[in-house]
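Structure file run05.csv (CSV, C-alpha atoms and all ligand atoms) is printed below.
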```csv
chain,number,residue,atom,x,y,z
A,20,MET,CA,-10.0,14.3,189.0
A,21,ALA,CA,-12.7,16.9,189.7
A,22,ASP,CA,-13.1,19.8,187.4
A,23,PRO,CA,-11.8,23.2,188.8
A,24,PRO,CA,-14.7,25.3,190.1
A,25,LYS,CA,-16.0,27.8,187.5
A,26,PHE,CA,-16.2,31.5,188.6
A,27,ASP,CA,-18.3,34.3,187.3
A,28,LYS,CA,-16.0,37.2,186.5
A,29,LYS,CA,-18.9,39.6,186.6
A,30,SER,CA,-20.2,38.5,190.0
A,31,ARG,CA,-20.6,41.4,192.5
A,32,TYR,CA,-19.3,39.1,195.3
A,33,THR,CA,-15.6,38.6,195.7
A,34,GLU,CA,-16.2,35.0,196.6
A,35,GLY,CA,-18.2,34.5,193.4
A,36,ARG,CA,-15.2,35.8,191.4
A,37,GLY,CA,-12.8,33.3,193.1
A,38,ILE,CA,-10.7,36.0,194.9
A,39,ALA,CA,-8.4,34.4,197.5
A,40,GLY,CA,-9.5,35.1,201.1
A,41,ALA,CA,-13.0,36.3,200.1
A,42,PHE,CA,-15.7,35.7,202.5
A,43,GLU,CA,-19.4,35.3,202.0
A,44,GLY,CA,-21.3,38.5,201.2
A,45,GLU,CA,-18.1,40.6,200.5
A,46,THR,CA,-18.5,42.9,197.5
A,47,VAL,CA,-15.3,45.0,197.7
A,48,THR,CA,-11.8,43.6,197.8
A,49,ARG,CA,-9.6,44.8,200.6
A,50,ARG,CA,-7.1,46.3,198.1
A,51,ARG,CA,-9.9,48.3,196.5
A,52,LEU,CA,-11.1,49.5,199.9
A,53,MET,CA,-7.6,50.6,200.9
A,54,GLU,CA,-7.1,52.4,197.6
A,55,GLY,CA,-10.4,54.2,197.9
A,56,GLY,CA,-9.6,55.2,201.5
A,57,ALA,CA,-6.2,56.5,200.5
A,58,GLN,CA,-7.7,58.6,197.7
A,59,LEU,CA,-10.4,60.0,199.9
A,60,ALA,CA,-7.8,61.0,202.6
A,61,GLY,CA,-5.7,62.6,199.8
A,62,GLY,CA,-8.7,64.5,198.5
A,63,VAL,CA,-9.6,65.8,202.0
A,64,ALA,CA,-6.0,66.9,202.6
A,65,VAL,CA,-5.8,68.8,199.3
A,66,ALA,CA,-9.2,70.5,199.9
A,67,MET,CA,-8.0,71.6,203.4
A,68,ILE,CA,-5.0,73.3,201.8
A,69,ALA,CA,-6.6,74.6,198.6
A,70,LEU,CA,-10.0,75.9,199.9
A,71,PRO,CA,-8.6,78.5,202.4
A,72,GLY,CA,-6.3,79.8,199.7
A,73,LEU,CA,-9.1,80.0,197.1
A,74,GLY,CA,-11.3,81.8,199.7
A,75,PHE,CA,-8.5,84.3,200.4
A,76,ALA,CA,-8.0,85.0,196.7
A,77,LEU,CA,-11.7,85.2,195.7
A,78,GLY,CA,-13.3,86.4,198.9
A,79,PRO,CA,-12.8,90.1,198.3
A,80,LEU,CA,-14.7,89.9,195.0
A,81,PHE,CA,-17.9,88.9,196.9
A,82,LYS,CA,-17.3,91.2,199.8
A,83,GLU,CA,-19.6,94.2,200.2
A,84,THR,CA,-17.8,97.2,198.7
A,85,GLU,CA,-17.0,100.2,200.8
A,86,PRO,CA,-20.0,102.6,201.3
A,87,GLU,CA,-20.0,105.3,198.7
A,88,ARG,CA,-18.1,108.4,199.9
A,89,TRP,CA,-17.4,111.6,198.1
A,90,GLU,CA,-14.9,114.2,199.1
A,91,ASP,CA,-15.2,117.8,198.1
A,92,VAL,CA,-11.8,119.0,196.7
A,93,GLY,CA,-12.9,122.5,195.7
A,94,PRO,CA,-14.8,124.6,193.2
A,95,ARG,CA,-14.7,123.9,189.5
A,96,ASP,CA,-12.7,127.1,189.0
A,97,ASP,CA,-9.8,125.6,190.9
A,98,PHE,CA,-9.0,123.2,188.1
A,99,ASN,CA,-8.1,123.4,184.4
A,100,LYS,CA,-7.3,121.1,181.5
A,101,SER,CA,-3.6,121.4,181.4
A,102,THR,CA,-2.3,121.4,184.9
A,103,TYR,CA,-2.7,119.0,187.8
A,104,VAL,CA,-3.6,120.5,191.2
A,105,PRO,CA,-2.6,118.4,194.2
A,106,LYS,CA,-5.4,117.9,196.8
A,107,VAL,CA,-5.5,115.9,200.0
A,108,ILE,CA,-8.3,113.5,200.5
A,109,ASN,CA,-9.2,111.1,203.3
A,110,ILE,CA,-9.4,107.5,201.9
A,111,SER,CA,-9.6,105.7,205.3
A,112,PRO,CA,-11.8,107.7,207.8
A,113,GLY,CA,-11.2,107.0,211.4
A,114,VAL,CA,-7.4,106.6,211.3
A,115,GLY,CA,-6.4,110.3,211.4
A,116,ASP,CA,-3.7,111.5,209.1
A,117,ALA,CA,-2.7,108.0,208.2
A,118,GLY,CA,-5.9,107.7,206.1
A,119,LYS,CA,-5.0,110.8,204.1
A,120,THR,CA,-3.5,110.8,200.7
A,121,THR,CA,-2.7,113.3,197.9
A,122,VAL,CA,-4.5,113.1,194.6
A,123,TYR,CA,-3.6,115.1,191.5
A,124,VAL,CA,-6.8,116.6,189.9
A,125,ARG,CA,-7.4,118.3,186.6
A,126,GLU,CA,-10.3,118.8,184.2
A,127,TYR,CA,-10.9,116.1,181.6
A,128,ASN,CA,-9.4,117.2,178.3
A,129,SER,CA,-11.4,115.7,175.4
A,130,LYS,CA,-8.7,116.7,172.9
A,131,ARG,CA,-5.9,115.0,174.7
A,132,ASP,CA,-7.2,112.3,177.0
A,133,THR,CA,-7.6,108.7,175.9
A,134,LYS,CA,-11.2,107.9,175.2
A,135,VAL,CA,-11.9,104.3,176.1
A,136,LYS,CA,-14.6,102.6,174.0
A,137,GLY,CA,-17.8,102.0,176.0
A,138,GLN,CA,-16.7,104.0,179.0
A,139,ASP,CA,-18.1,107.5,179.7
A,140,PRO,CA,-15.3,109.9,180.6
A,141,LEU,CA,-15.4,111.3,184.1
A,142,PRO,CA,-15.6,115.1,184.2
A,143,TYR,CA,-12.3,115.4,186.2
A,144,VAL,CA,-9.2,113.3,186.2
A,145,ALA,CA,-8.1,112.5,189.8
A,146,ILE,CA,-4.8,110.5,189.8
A,147,SER,CA,-3.5,108.6,192.8
A,148,THR,CA,0.0,109.3,194.0
A,149,ARG,CA,0.5,105.6,194.9
A,150,CYS,CA,3.1,104.1,192.6
A,151,ALA,CA,1.8,101.0,190.8
A,152,HIS,CA,5.1,99.2,191.4
A,153,LEU,CA,5.4,99.0,195.2
A,154,GLY,CA,3.4,101.9,196.4
A,155,CYS,CA,5.8,104.8,196.9
A,156,PRO,CA,4.4,108.3,196.5
A,157,VAL,CA,4.9,109.7,193.0
A,158,ARG,CA,5.2,113.5,192.3
A,159,TYR,CA,4.0,115.4,189.2
A,160,ILE,CA,6.6,117.5,187.4
A,161,GLN,CA,4.7,120.2,185.5
A,162,ALA,CA,7.7,121.1,183.2
A,163,SER,CA,8.0,117.6,181.8
A,164,GLN,CA,4.3,116.7,182.4
A,165,LYS,CA,5.3,113.4,184.0
A,166,PHE,CA,4.7,111.6,187.3
A,167,VAL,CA,8.0,110.4,188.8
A,168,CYS,CA,8.6,107.9,191.5
A,169,PRO,CA,11.7,108.4,193.7
A,170,CYS,CA,12.0,104.8,194.8
A,171,HIS,CA,13.0,102.8,191.7
A,172,GLY,CA,12.7,105.4,188.9
A,173,GLY,CA,9.2,104.7,187.7
A,174,VAL,CA,8.0,107.3,185.2
A,175,TYR,CA,4.4,107.9,184.1
A,176,GLY,CA,3.1,110.2,181.4
A,177,TYR,CA,0.4,113.0,181.6
A,178,GLU,CA,-2.4,110.4,181.9
A,179,GLY,CA,-0.6,108.3,184.4
A,180,GLU,CA,0.4,105.7,181.8
A,181,VAL,CA,3.7,103.9,182.3
A,182,GLN,CA,6.6,105.4,180.4
A,183,GLY,CA,9.6,103.9,182.1
A,184,GLY,CA,10.9,101.9,185.0
A,185,PRO,CA,9.4,98.9,186.8
A,186,PRO,CA,5.7,99.8,187.3
A,187,VAL,CA,3.3,97.2,185.8
A,188,ARG,CA,0.3,99.3,185.1
A,189,PRO,CA,-0.9,103.0,185.0
A,190,LEU,CA,-1.4,105.0,188.2
A,191,ASP,CA,-4.8,104.4,189.8
A,192,ARG,CA,-7.5,107.0,189.6
A,193,PHE,CA,-10.6,108.1,191.6
A,194,TYR,CA,-14.1,108.6,190.4
A,195,THR,CA,-15.1,112.2,190.1
A,196,LYS,CA,-18.4,114.2,189.7
A,197,VAL,CA,-19.6,117.7,190.0
A,198,GLU,CA,-22.3,118.9,192.3
A,199,ASN,CA,-23.4,122.5,192.9
A,200,GLY,CA,-20.3,123.7,191.2
A,201,ARG,CA,-18.0,121.7,193.4
A,202,VAL,CA,-15.7,118.9,192.3
A,203,LEU,CA,-16.1,115.7,194.3
A,204,VAL,CA,-13.7,112.7,194.4
A,205,GLY,CA,-15.0,109.2,195.1
A,206,LYS,CA,-13.7,105.7,195.2
A,207,ARG,CA,-10.4,104.5,193.8
A,208,PHE,CA,-10.2,102.3,190.6
A,209,SER,CA,-7.4,100.7,188.7
A,210,LEU,CA,-6.6,100.8,184.9
A,211,ASN,CA,-4.9,98.5,182.4
A,212,SER,CA,-2.4,99.8,179.9
A,213,HIS,CA,-5.3,100.8,177.5
A,214,LEU,CA,-6.6,103.0,180.4
A,215,GLU,CA,-9.7,100.8,180.7
A,216,ARG,CA,-11.3,101.0,184.2
A,217,PHE,CA,-11.5,98.1,186.6
A,218,PRO,CA,-14.0,99.1,189.3
A,219,HIS,CA,-12.4,97.0,192.0
A,220,PRO,CA,-8.9,98.4,192.5
A,221,ARG,CA,-5.8,96.2,192.6
A,222,ASP,CA,-2.8,96.4,194.9
A,223,PRO,CA,0.5,97.9,193.6
A,224,SER,CA,2.5,95.4,191.5
A,225,ASN,CA,-0.7,93.6,190.3
A,226,HIS,CA,-0.8,93.3,186.5
A,227,LEU,CA,-4.1,94.0,184.7
A,228,ASP,CA,-3.5,93.2,181.1
A,229,GLY,CA,-4.7,90.0,179.4
A,230,LEU,CA,-5.1,87.0,181.6
A,231,TRP,CA,-3.2,88.7,184.5
A,232,GLN,CA,-6.5,90.5,185.4
A,233,TYR,CA,-7.9,87.1,186.6
A,234,LEU,CA,-4.8,86.2,188.6
A,235,TYR,CA,-5.1,89.3,190.7
A,236,PRO,CA,-8.7,89.7,192.0
A,237,GLY,CA,-9.8,93.2,193.0
A,238,ARG,CA,-9.6,94.4,196.5
A,239,PRO,CA,-12.3,97.0,197.1
A,240,THR,CA,-10.6,98.2,200.3
A,241,THR,CA,-7.1,98.5,198.9
A,301,LIG,S1,7.7,102.0,194.0
A,301,LIG,FE1,7.7,103.4,192.3
A,301,LIG,S2,9.1,102.6,191.0
A,301,LIG,FE2,9.2,101.2,192.6
```
For the file at hand, write its structure as structure tokens.
Ligand code: FES
Amino acid sequence: MADPPKFDKKSRYTEGRGIAGAFEGETVTRRRLMEGGAQLAGGVAVAMIALPGLGFALGPLFKETEPERWEDVGPRDDFNKSTYVPKVINISPGVGDAGKTTVYVREYNSKRDTKVKGQDPLPYVAISTRCAHLGCPVRYIQASQKFVCPCHGGVYGYEGEVQGGPPVRPLDRFYTKVENGRVLVGKRFSLNSHLERFPHPRDPSNHLDGLWQYLYPGRPTT
């Protein structure tokens, strides 16, 4: 009886490895080919779903920020360190009254305001009236020195820090500067609970503490 043929397990040819149904010159088994094809198709399907989502989330970070715009809110004498003065500014030019919003402005108070390490204080504090929970307009109550939101009972302190209710971070602010004795209000920025500035503002309800800041990318046009 003839000896069974010897096969080389390491041969690159399926025929050389004694695989049933192999034909001359074949280097990949049909099973392997089908597995590879299925994995490739799966990878393409996942990429088609994941890439648009990733682009939507991260795109705003790479988008050109809004051109710098400063709005004059009055002479320095209009403001002091202890009281907020409401002022109307236009944050979306070209849409009429819909682009207007109220900001509360006061002079920076070095004795009372939180000084964040590594950040130069702005000469004036301009606080947004957009609640950091779902965006309702907040109102400043001078007697209690608190910002109060009528929608779900959000309460913020003198610096816009959260003191009660559902808001997830302090009230946004706007950059300020002084030119020729006039107070100018610039772009919006958001803050975390330590009142650290995040130049790209976030939408209401976006957390900014710890790892949350990476889950909610900034939206320069928000
Ligand atoms: S929108 Fe202000 S507390 Fe809900």
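You can rank A:Cys170, A:Val47, A:Ala117, A:Val92 by their closest distance to ligand LIG 301 (chain A) using only C-alpha atoms and all ligand atoms, and at the top of that list sits A:Cys170.
Of note, CA of Arg95 in chain A and CA of Arg201 in chain A are spaced 5.6 Å apart.
Distances from A:Thr33, A:Thr120, A:Ser147, A:Gln58 to Phe193 in chain A were compared using all atoms listed in the file, and the smallest one belongs to A:Ser147.
Taking CA of Lys29 in chain A and CA of Leu59 in chain A as the two end points, the separation is 25.8 Å.
Going from CA of Arg50 in chain A over to CA of Phe26 in chain A, you cover 19.8 Å.
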Residues within 10 Å of ligand LIG 301 (chain A), counting only C-alpha atoms and all ligand atoms, as a ChimeraX atom specification: /A:148-157,167-175,183-187,223-224
So that I can check the surroundings of Gly200 in chain A, please list as a PDB file with C-alpha atoms, in the coordinates of the input every protein, DNA and RNA residue that reaches within 9 Å of it, counting only C-alpha atoms and ignoring chain neighbours fewer than 4 positions away.
```
ATOM      1  CA  GLY A  93     -12.900 122.500 195.700  1.00  0.00           C
ATOM      2  CA  PRO A  94     -14.800 124.600 193.200  1.00  0.00           C
ATOM      3  CA  ARG A  95     -14.700 123.900 189.500  1.00  0.00           C
ATOM      4  CA  ASP A  96     -12.700 127.100 189.000  1.00  0.00           C
TER       5      ASP A  96
END
```
